[in-house]
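A.B. asks: I have a structure here, written as structure tokens, and I will follow up with some questions on it.
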Amino acid sequence: MPTRIHNFNAGPAALPLAVLEKAQAELVNFRGTGMSVMELSHRSKPFEAVRDEAESGLRQLLNIPDDYSVLFLQGGASLQFSMVPMNLYQMGRPVDMINTGVWSKKTMAELKKLGEYRVVASGEGSNFTQLPNLTNVGFNSNASYVHITSNNTIYGTQWRAFPNTGGVPLVADMSSDILSSPIDVTQFGLIYAGAQKNIGPSGVTIVIIRNDLADRASDSLPTMLQYRTHINDRSLYNTPPTFGIYMISLVTEWIQQNGGIHWITKATQDRADRLYATIDNSDLFYCPNALDSRSKMNVVFRSKTHDDTLESQFVKSAEAAGLVGLKGHRSAGGLRASVYNAQTDAAIDALCDFISSFKAS
Ligand code: PMP
């Protein structure tokens, strides 16, 4: 039995051991086909079943209504920064943007190439340590859509509730917290997420789209970039990322077998709470984020004196102790523990102990 390390990577991230073991057991002979799932034709019956299981797993866990399609695409969440406006932007109707940091900014950079937007709320004033207050935001009833990033992976902030945008579709980048809490899908026009943090390996991107919104796209848009294409062909217009879709089917099955979305909600909240409590009690470290904005997926912390040397020392000694992936994102610095759905209690115990006992040398 090889040793599994405590993996706090931000994505690709830790996958459930039970899922990896099941994939391993089925790797060379998938369900009696005599071949690996990676060797199956994407048009074969056994693969169709895998695709359907991945879709129904997501549908059940997120309670996705029938008038929404679930798509398995490629190009990462980053392609969605362009694909969403290509399909949903309407001339003369600027997008309302909620800016919570790097990922929102990347969304805006792509949006600018295709249309206009206005920032209706921003956390920039707090250096993105606090989510903006949306209570008095005047959403534009003429907007093509409103865009929000549900969890900011880099700054470690996460929305607990989503705004009511009236008749204007709400589009959410849920790359770093999808499937970690129940959501009301009907509140959204479109949800997208790269799989590599909470639901599978990299290479597959989930899009959940209310079908009528796909009609907005012009026919002149390249076929592969139209949501319509993938809705009509059930993500089988071209060769989809078959192994990634298979892994999503296993991850959704694993969540269901363990108690479903409410189990994961509680488990992830408990783990984050323990970690924040340890950081809040630490003599050396603190969490820069406001209490009401803290993410339960990406726990960001810093040395109290912003001492880069001490932080590097922490990362190095943690690695030596079998805890990897604790360096903050290169654009934000500091430290970050990503504790997605598949994170283990043992890893949290080990990290809490490590933080409490760490001494600068
Ligand atoms: N959005 C968010 C919130 C992310 O965290 C990331 C990746 N870290 C992306 C988008 C970009 O995803 P990808 O690398 O799949 O394009």
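FYI, nothing fancy with the structure tokens labels: chains A, B, ... in order, residues from 1 per chain, ligands from 1 as they appear.
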If the limit is 9 Å from any atom of ligand 1, counting only C-alpha atoms and all ligand atoms, which residues qualify? Return them as JSON, numbers by chain.

C.D. replies: {"A": [10, 11, 12, 74, 75, 76, 77, 78, 79, 80, 81, 102, 103, 104, 106, 107, 149, 150, 151, 152, 153, 154, 173, 174, 175, 176, 177, 192, 193, 194, 195, 196, 197, 202, 203, 204, 205]}

A.B. asks: Go through segment 222-266 of chain A and flag each residue having an atom no more than 7 Å from segment 37-54 of chain A; for those, report the closest pair of atoms plus their distance in Å to one decimal, using only C-alpha atoms, ordered by chain and rising number, as a Markdown table.

C.D. replies:
```
| residue | atom | partner | partner_atom | distance |
| --- | --- | --- | --- | --- |
| A:Thr239 | CA | A:His42 | CA | 6.5 |
| A:Thr242 | CA | A:Met38 | CA | 6.5 |
| A:Phe243 | CA | A:Met38 | CA | 5.7 |
| A:Ile245 | CA | A:Arg51 | CA | 6.4 |
| A:Tyr246 | CA | A:Val50 | CA | 5.8 |
| A:Ile248 | CA | A:Ala54 | CA | 5.6 |
| A:Ser249 | CA | A:Ala54 | CA | 3.9 |
```

A.B. asks: Would you output that residue set with N, CA and C atoms, as a PDB file, in the first residue's frame?

C.D. replies:
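Saved the output as out_22.pdb:
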```
ATOM      1  N   THR A 239     -15.447  14.080 -29.826  1.00  0.00           N
ATOM      2  CA  THR A 239     -14.994  13.141 -28.799  1.00  0.00           C
ATOM      3  C   THR A 239     -14.869  13.883 -27.472  1.00  0.00           C
ATOM      4  N   THR A 242     -13.530  11.511 -22.153  1.00  0.00           N
ATOM      5  CA  THR A 242     -14.247  10.337 -21.624  1.00  0.00           C
ATOM      6  C   THR A 242     -13.783   9.938 -20.215  1.00  0.00           C
ATOM      7  N   PHE A 243     -12.476   9.956 -19.989  1.00  0.00           N
ATOM      8  CA  PHE A 243     -12.008   9.519 -18.666  1.00  0.00           C
ATOM      9  C   PHE A 243     -12.480  10.490 -17.578  1.00  0.00           C
ATOM     10  N   ILE A 245     -15.152  12.313 -17.594  1.00  0.00           N
ATOM     11  CA  ILE A 245     -16.596  12.120 -17.378  1.00  0.00           C
ATOM     12  C   ILE A 245     -16.820  10.881 -16.499  1.00  0.00           C
ATOM     13  N   TYR A 246     -16.041   9.845 -16.762  1.00  0.00           N
ATOM     14  CA  TYR A 246     -16.109   8.622 -15.951  1.00  0.00           C
ATOM     15  C   TYR A 246     -15.785   8.941 -14.486  1.00  0.00           C
ATOM     16  N   ILE A 248     -16.128  11.743 -12.966  1.00  0.00           N
ATOM     17  CA  ILE A 248     -17.245  12.507 -12.381  1.00  0.00           C
ATOM     18  C   ILE A 248     -18.358  11.539 -11.954  1.00  0.00           C
ATOM     19  N   SER A 249     -18.585  10.517 -12.773  1.00  0.00           N
ATOM     20  CA  SER A 249     -19.633   9.554 -12.399  1.00  0.00           C
ATOM     21  C   SER A 249     -19.253   8.882 -11.077  1.00  0.00           C
TER      22      SER A 249
END
```

A.B. asks: Write out as a CSV table (one decimal) with N, CA, C and O atoms, in the first residue's frame the residues lying within 7 Å of Ser69 of chain A, counting only C-alpha atoms and excluding same-chain residues fewer than 5 positions away.

C.D. replies:
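In the end it all went to selection.csv:
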```csv
chain,number,residue,atom,x,y,z
A,208,ILE,N,-24.0,23.9,-16.7
A,208,ILE,CA,-25.4,23.6,-16.5
A,208,ILE,C,-26.1,24.9,-17.0
A,208,ILE,O,-25.9,26.0,-16.5
A,209,ILE,N,-26.9,24.7,-18.0
A,209,ILE,CA,-27.5,25.8,-18.7
A,209,ILE,C,-29.0,25.7,-18.9
A,209,ILE,O,-29.5,24.6,-19.2
A,210,ARG,N,-29.7,26.8,-18.6
A,210,ARG,CA,-31.2,26.8,-18.9
A,210,ARG,C,-31.3,26.8,-20.4
A,210,ARG,O,-30.8,27.7,-21.1
A,211,ASN,N,-32.1,25.8,-21.0
A,211,ASN,CA,-32.0,25.6,-22.4
A,211,ASN,C,-32.4,26.8,-23.2
A,211,ASN,O,-31.8,27.0,-24.3
A,231,ILE,N,-25.8,20.8,-26.4
A,231,ILE,CA,-27.1,20.4,-25.8
A,231,ILE,C,-27.8,19.3,-26.8
A,231,ILE,O,-28.2,18.3,-26.4
```

A.B. asks: Identify, with DSSP run on backbone atoms, the residues in segment 93-241 of chain A assigned to strand (DSSP E or B), and express the list as an MDAnalysis selection string.

C.D. replies: chainID A and resid 95:99 117:122 146:149 151:152 157:158 170:173 190:194 205:210

A.B. asks: For those residues, write N, CA and C atoms to a file as a JSON list (two decimals), in the first residue's frame.

C.D. replies:
```
[["chain", "number", "residue", "atom", "x", "y", "z"],
["A", 95, "VAL", "N", -23.21, 43.61, -19.47],
["A", 95, "VAL", "CA", -23.29, 42.60, -18.42],
["A", 95, "VAL", "C", -23.06, 43.27, -17.06],
["A", 96, "ASP", "N", -23.80, 42.87, -16.04],
["A", 96, "ASP", "CA", -23.54, 43.34, -14.68],
["A", 96, "ASP", "C", -22.53, 42.38, -14.04],
["A", 97, "MET", "N", -21.39, 42.92, -13.61],
["A", 97, "MET", "CA", -20.32, 42.09, -13.06],
["A", 97, "MET", "C", -20.17, 42.30, -11.56],
["A", 98, "ILE", "N", -20.02, 41.22, -10.83],
["A", 98, "ILE", "CA", -19.68, 41.30, -9.41],
["A", 98, "ILE", "C", -18.21, 40.89, -9.31],
["A", 99, "ASN", "N", -17.39, 41.80, -8.86],
["A", 99, "ASN", "CA", -15.94, 41.59, -8.90],
["A", 99, "ASN", "C", -15.40, 41.15, -7.54],
["A", 117, "TYR", "N", -19.47, 45.78, -20.10],
["A", 117, "TYR", "CA", -19.96, 45.37, -18.78],
["A", 117, "TYR", "C", -19.89, 46.57, -17.85],
["A", 118, "ARG", "N", -20.62, 46.47, -16.76],
["A", 118, "ARG", "CA", -20.40, 47.45, -15.68],
["A", 118, "ARG", "C", -20.26, 46.68, -14.38],
["A", 119, "VAL", "N", -19.33, 47.16, -13.56],
["A", 119, "VAL", "CA", -19.11, 46.50, -12.27],
["A", 119, "VAL", "C", -20.16, 47.04, -11.31],
["A", 120, "VAL", "N", -21.05, 46.18, -10.84],
["A", 120, "VAL", "CA", -22.12, 46.65, -9.96],
["A", 120, "VAL", "C", -21.74, 46.51, -8.48],
["A", 121, "ALA", "N", -20.74, 45.67, -8.22],
["A", 121, "ALA", "CA", -20.27, 45.50, -6.84],
["A", 121, "ALA", "C", -18.85, 44.97, -6.90],
["A", 122, "SER", "N", -18.00, 45.46, -5.99],
["A", 122, "SER", "CA", -16.61, 45.03, -6.03],
["A", 122, "SER", "C", -16.00, 44.96, -4.64],
["A", 146, "VAL", "N", -26.04, 38.69, -15.30],
["A", 146, "VAL", "CA", -25.20, 39.11, -14.17],
["A", 146, "VAL", "C", -24.19, 37.99, -13.97],
["A", 147, "HIS", "N", -22.94, 38.35, -13.73],
["A", 147, "HIS", "CA", -21.91, 37.31, -13.51],
["A", 147, "HIS", "C", -21.35, 37.36, -12.10],
["A", 148, "ILE", "N", -21.27, 36.19, -11.47],
["A", 148, "ILE", "CA", -20.71, 36.09, -10.12],
["A", 148, "ILE", "C", -19.75, 34.90, -10.04],
["A", 149, "THR", "N", -18.70, 35.02, -9.24],
["A", 149, "THR", "CA", -17.79, 33.88, -8.98],
["A", 149, "THR", "C", -18.15, 33.39, -7.58],
["A", 151, "ASN", "N", -16.94, 31.21, -5.50],
["A", 151, "ASN", "CA", -15.86, 31.05, -4.51],
["A", 151, "ASN", "C", -14.57, 31.57, -5.14],
["A", 152, "ASN", "N", -13.93, 32.52, -4.49],
["A", 152, "ASN", "CA", -12.67, 32.99, -5.05],
["A", 152, "ASN", "C", -11.52, 32.15, -4.51],
["A", 157, "THR", "N", -12.43, 33.58, -0.55],
["A", 157, "THR", "CA", -13.73, 34.13, -0.14],
["A", 157, "THR", "C", -14.84, 33.38, -0.86],
["A", 158, "GLN", "N", -16.00, 33.30, -0.23],
["A", 158, "GLN", "CA", -17.09, 32.48, -0.79],
["A", 158, "GLN", "C", -18.45, 33.06, -0.42],
["A", 170, "LEU", "N", -28.65, 34.89, -13.98],
["A", 170, "LEU", "CA", -27.44, 34.93, -13.16],
["A", 170, "LEU", "C", -26.51, 33.83, -13.66],
["A", 171, "VAL", "N", -25.27, 34.21, -13.99],
["A", 171, "VAL", "CA", -24.27, 33.25, -14.46],
["A", 171, "VAL", "C", -23.23, 33.11, -13.36],
["A", 172, "ALA", "N", -22.92, 31.86, -12.97],
["A", 172, "ALA", "CA", -21.96, 31.68, -11.87],
["A", 172, "ALA", "C", -20.80, 30.78, -12.28],
["A", 173, "ASP", "N", -19.60, 31.26, -11.98],
["A", 173, "ASP", "CA", -18.41, 30.43, -12.07],
["A", 173, "ASP", "C", -18.30, 29.70, -10.73],
["A", 190, "LEU", "N", -27.04, 30.03, -15.92],
["A", 190, "LEU", "CA", -25.93, 29.16, -16.33],
["A", 190, "LEU", "C", -24.92, 29.05, -15.19],
["A", 191, "ILE", "N", -24.41, 27.83, -15.01],
["A", 191, "ILE", "CA", -23.36, 27.57, -14.02],
["A", 191, "ILE", "C", -22.23, 26.87, -14.76],
["A", 192, "TYR", "N", -21.00, 27.27, -14.51],
["A", 192, "TYR", "CA", -19.89, 26.51, -15.10],
["A", 192, "TYR", "C", -18.84, 26.21, -14.05],
["A", 193, "ALA", "N", -18.09, 25.14, -14.28],
["A", 193, "ALA", "CA", -17.06, 24.74, -13.32],
["A", 193, "ALA", "C", -16.07, 23.79, -13.96],
["A", 194, "GLY", "N", -14.80, 24.11, -13.85],
["A", 194, "GLY", "CA", -13.77, 23.12, -14.19],
["A", 194, "GLY", "C", -13.88, 22.01, -13.16],
["A", 205, "THR", "N", -15.03, 20.25, -18.20],
["A", 205, "THR", "CA", -15.69, 21.41, -17.60],
["A", 205, "THR", "C", -17.20, 21.15, -17.64],
["A", 206, "ILE", "N", -17.83, 21.36, -16.50],
["A", 206, "ILE", "CA", -19.28, 21.19, -16.43],
["A", 206, "ILE", "C", -19.96, 22.50, -16.77],
["A", 207, "VAL", "N", -20.99, 22.44, -17.60],
["A", 207, "VAL", "CA", -21.84, 23.61, -17.81],
["A", 207, "VAL", "C", -23.29, 23.16, -17.56],
["A", 208, "ILE", "N", -23.98, 23.91, -16.72],
["A", 208, "ILE", "CA", -25.40, 23.64, -16.47],
["A", 208, "ILE", "C", -26.13, 24.86, -17.02],
["A", 209, "ILE", "N", -26.93, 24.67, -18.04],
["A", 209, "ILE", "CA", -27.51, 25.84, -18.73],
["A", 209, "ILE", "C", -29.02, 25.67, -18.90],
["A", 210, "ARG", "N", -29.74, 26.77, -18.61],
["A", 210, "ARG", "CA", -31.19, 26.77, -18.89],
["A", 210, "ARG", "C", -31.34, 26.80, -20.41]]
```

A.B. asks: Rounded to one decimal place, report the atom CA of Glu319 of chain A-atom CA of Lys22 of chain A distance in Å.

C.D. replies: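 Going from atom CA of Glu319 of chain A over to atom CA of Lys22 of chain A covers 27.8 Å.
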
A.B. asks: So which residues touch Thr165 of chain A within 10 Å, counting only C-alpha atoms, skipping near sequence neighbours fewer than 4 positions away, as a ChimeraX atom specification?

C.D. replies: /A:96,137-141,143,145-146,169-170,187-188

A.B. asks: For the selection just defined, write its residues with all heavy atoms to a file, as an mmCIF file, in the first residue's frame.

C.D. replies:
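So out.cif came out as:
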```cif
data_model
loop_
_atom_site.group_PDB
_atom_site.id
_atom_site.type_symbol
_atom_site.label_atom_id
_atom_site.label_comp_id
_atom_site.auth_asym_id
_atom_site.auth_seq_id
_atom_site.Cartn_x
_atom_site.Cartn_y
_atom_site.Cartn_z
ATOM 1 N N ASP A 96 -23.798 42.868 -16.045
ATOM 2 C CA ASP A 96 -23.539 43.337 -14.675
ATOM 3 C C ASP A 96 -22.531 42.384 -14.038
ATOM 4 O O ASP A 96 -22.788 41.174 -13.934
ATOM 5 C CB ASP A 96 -24.839 43.327 -13.848
ATOM 6 C CG ASP A 96 -25.684 44.579 -14.096
ATOM 7 O OD1 ASP A 96 -25.227 45.485 -14.825
ATOM 8 O OD2 ASP A 96 -26.807 44.627 -13.559
ATOM 9 N N VAL A 137 -27.424 46.826 -4.186
ATOM 10 C CA VAL A 137 -26.917 46.896 -5.565
ATOM 11 C C VAL A 137 -28.091 47.068 -6.529
ATOM 12 O O VAL A 137 -29.090 46.347 -6.456
ATOM 13 C CB VAL A 137 -26.137 45.602 -5.927
ATOM 14 C CG1 VAL A 137 -25.887 45.530 -7.422
ATOM 15 C CG2 VAL A 137 -24.827 45.562 -5.167
ATOM 16 N N GLY A 138 -27.953 48.057 -7.412
ATOM 17 C CA GLY A 138 -29.010 48.249 -8.410
ATOM 18 C C GLY A 138 -28.663 47.456 -9.660
ATOM 19 O O GLY A 138 -27.931 47.923 -10.526
ATOM 20 N N PHE A 139 -29.170 46.224 -9.719
ATOM 21 C CA PHE A 139 -28.913 45.453 -10.937
ATOM 22 C C PHE A 139 -29.664 46.091 -12.092
ATOM 23 O O PHE A 139 -30.772 46.600 -11.921
ATOM 24 C CB PHE A 139 -29.350 43.987 -10.739
ATOM 25 C CG PHE A 139 -28.445 43.220 -9.811
ATOM 26 C CD1 PHE A 139 -28.863 42.893 -8.530
ATOM 27 C CD2 PHE A 139 -27.175 42.849 -10.215
ATOM 28 C CE1 PHE A 139 -28.027 42.195 -7.661
ATOM 29 C CE2 PHE A 139 -26.324 42.152 -9.354
ATOM 30 C CZ PHE A 139 -26.758 41.823 -8.080
ATOM 31 N N ASN A 140 -29.044 46.058 -13.264
ATOM 32 C CA ASN A 140 -29.611 46.693 -14.449
ATOM 33 C C ASN A 140 -30.605 45.729 -15.116
ATOM 34 O O ASN A 140 -30.203 44.657 -15.577
ATOM 35 C CB ASN A 140 -28.422 47.018 -15.380
ATOM 36 C CG ASN A 140 -28.844 47.660 -16.666
ATOM 37 O OD1 ASN A 140 -30.022 47.943 -16.884
ATOM 38 N ND2 ASN A 140 -27.883 47.887 -17.535
ATOM 39 N N SER A 141 -31.857 46.111 -15.172
ATOM 40 C CA SER A 141 -32.872 45.179 -15.696
ATOM 41 C C SER A 141 -32.668 44.905 -17.189
ATOM 42 O O SER A 141 -33.229 43.966 -17.738
ATOM 43 C CB SER A 141 -34.278 45.709 -15.442
ATOM 44 O OG SER A 141 -34.408 46.949 -16.099
ATOM 45 N N ALA A 143 -29.622 44.278 -18.443
ATOM 46 C CA ALA A 143 -28.330 43.584 -18.626
ATOM 47 C C ALA A 143 -28.530 42.265 -19.373
ATOM 48 O O ALA A 143 -29.581 41.623 -19.254
ATOM 49 C CB ALA A 143 -27.702 43.309 -17.262
ATOM 50 N N TYR A 145 -26.811 39.612 -18.733
ATOM 51 C CA TYR A 145 -26.789 38.684 -17.602
ATOM 52 C C TYR A 145 -25.971 39.305 -16.479
ATOM 53 O O TYR A 145 -25.307 40.334 -16.687
ATOM 54 C CB TYR A 145 -26.232 37.294 -17.985
ATOM 55 C CG TYR A 145 -24.846 37.273 -18.594
ATOM 56 C CD1 TYR A 145 -23.694 37.127 -17.817
ATOM 57 C CD2 TYR A 145 -24.673 37.372 -19.981
ATOM 58 C CE1 TYR A 145 -22.427 37.095 -18.385
ATOM 59 C CE2 TYR A 145 -23.404 37.342 -20.559
ATOM 60 C CZ TYR A 145 -22.276 37.208 -19.762
ATOM 61 O OH TYR A 145 -21.026 37.181 -20.319
ATOM 62 N N VAL A 146 -26.037 38.691 -15.304
ATOM 63 C CA VAL A 146 -25.202 39.105 -14.169
ATOM 64 C C VAL A 146 -24.185 37.990 -13.965
ATOM 65 O O VAL A 146 -24.549 36.811 -14.028
ATOM 66 C CB VAL A 146 -26.053 39.270 -12.883
ATOM 67 C CG1 VAL A 146 -25.171 39.650 -11.694
ATOM 68 C CG2 VAL A 146 -27.167 40.286 -13.085
ATOM 69 N N PRO A 169 -30.710 36.736 -16.233
ATOM 70 C CA PRO A 169 -30.056 35.472 -15.857
ATOM 71 C C PRO A 169 -28.791 35.694 -15.029
ATOM 72 O O PRO A 169 -27.993 36.583 -15.333
ATOM 73 C CB PRO A 169 -29.683 34.831 -17.207
ATOM 74 C CG PRO A 169 -30.461 35.549 -18.243
ATOM 75 C CD PRO A 169 -30.773 36.915 -17.698
ATOM 76 N N LEU A 170 -28.651 34.892 -13.981
ATOM 77 C CA LEU A 170 -27.442 34.934 -13.161
ATOM 78 C C LEU A 170 -26.508 33.831 -13.659
ATOM 79 O O LEU A 170 -26.916 32.670 -13.774
ATOM 80 C CB LEU A 170 -27.809 34.712 -11.686
ATOM 81 C CG LEU A 170 -26.659 34.700 -10.676
ATOM 82 C CD1 LEU A 170 -25.904 36.030 -10.666
ATOM 83 C CD2 LEU A 170 -27.186 34.400 -9.263
ATOM 84 N N GLN A 187 -32.235 29.528 -9.636
ATOM 85 C CA GLN A 187 -31.780 30.910 -9.429
ATOM 86 C C GLN A 187 -30.773 31.334 -10.493
ATOM 87 O O GLN A 187 -30.427 32.507 -10.600
ATOM 88 C CB GLN A 187 -31.094 30.991 -8.066
ATOM 89 C CG GLN A 187 -31.654 32.032 -7.127
ATOM 90 C CD GLN A 187 -30.717 32.226 -5.944
ATOM 91 O OE1 GLN A 187 -30.342 31.255 -5.295
ATOM 92 N NE2 GLN A 187 -30.357 33.462 -5.662
ATOM 93 N N PHE A 188 -30.269 30.354 -11.251
ATOM 94 C CA PHE A 188 -29.192 30.629 -12.209
ATOM 95 C C PHE A 188 -29.645 30.366 -13.643
ATOM 96 O O PHE A 188 -30.463 29.476 -13.896
ATOM 97 C CB PHE A 188 -27.984 29.715 -11.922
ATOM 98 C CG PHE A 188 -27.432 29.887 -10.536
ATOM 99 C CD1 PHE A 188 -27.935 29.143 -9.475
ATOM 100 C CD2 PHE A 188 -26.445 30.820 -10.278
ATOM 101 C CE1 PHE A 188 -27.463 29.323 -8.188
ATOM 102 C CE2 PHE A 188 -25.958 31.009 -8.990
ATOM 103 C CZ PHE A 188 -26.467 30.258 -7.938
#
```

A.B. asks: Just list as a PyMOL selection string whatever in segment 81-316 of chain A DSSP marks as alpha helix (DSSP H).

C.D. replies: chain A and resi 81-88+102-114+227-232+242-258+260-280+308-316

A.B. asks: Which one is closest to Ile261 of chain A: A:Ser361, A:Thr3, A:Ser181, A:Asn232? Count only C-alpha atoms.

C.D. replies: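 Result for the nearest residue to Ile261 of chain A: A:Ser181.
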
A.B. asks: Nearest to Leu88 of chain A among A:Trp263, A:Tyr227, A:Trp254, A:Phe354, with distances taken over only C-alpha atoms: which residue is it?

C.D. replies: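 Closest candidate: A:Tyr227.
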
A.B. asks: Between A:Leu310, A:Leu58, A:Val185, A:Met83, which residue has the minimum interatomic distance to Leu221 of chain A, considering only C-alpha atoms?

C.D. replies: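 Among A:Leu310, A:Leu58, A:Val185, A:Met83, it is A:Met83 that comes nearest to Leu221 of chain A.
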
A.B. asks: Could you tell me how far atom CA of Cys352 of chain A lies from atom CA of Ile279 of chain A, in Å and to one decimal?

C.D. replies: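 So the answer is 8.1 Å.
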
A.B. asks: In Å, with one decimal, what is the gap from atom CA of Gln256 of chain A to atom CA of Gly34 of chain A?

C.D. replies: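 A separation of 27.8 Å between them.
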
A.B. asks: Could you list, as a ChimeraX atom specification, every residue within 8 Å of Arg59 of chain A, counting only C-alpha atoms and ignoring same-chain residues fewer than 5 positions away?

C.D. replies: /A:64-65,70

A.B. asks: Using only C-alpha atoms, which of the listed residues (A:Ser220, A:Asn164, A:Ser356, A:Thr252) sits closest to Gly189 of chain A?

C.D. replies: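 Using only C-alpha atoms, Gly189 of chain A sits closest to A:Asn164.
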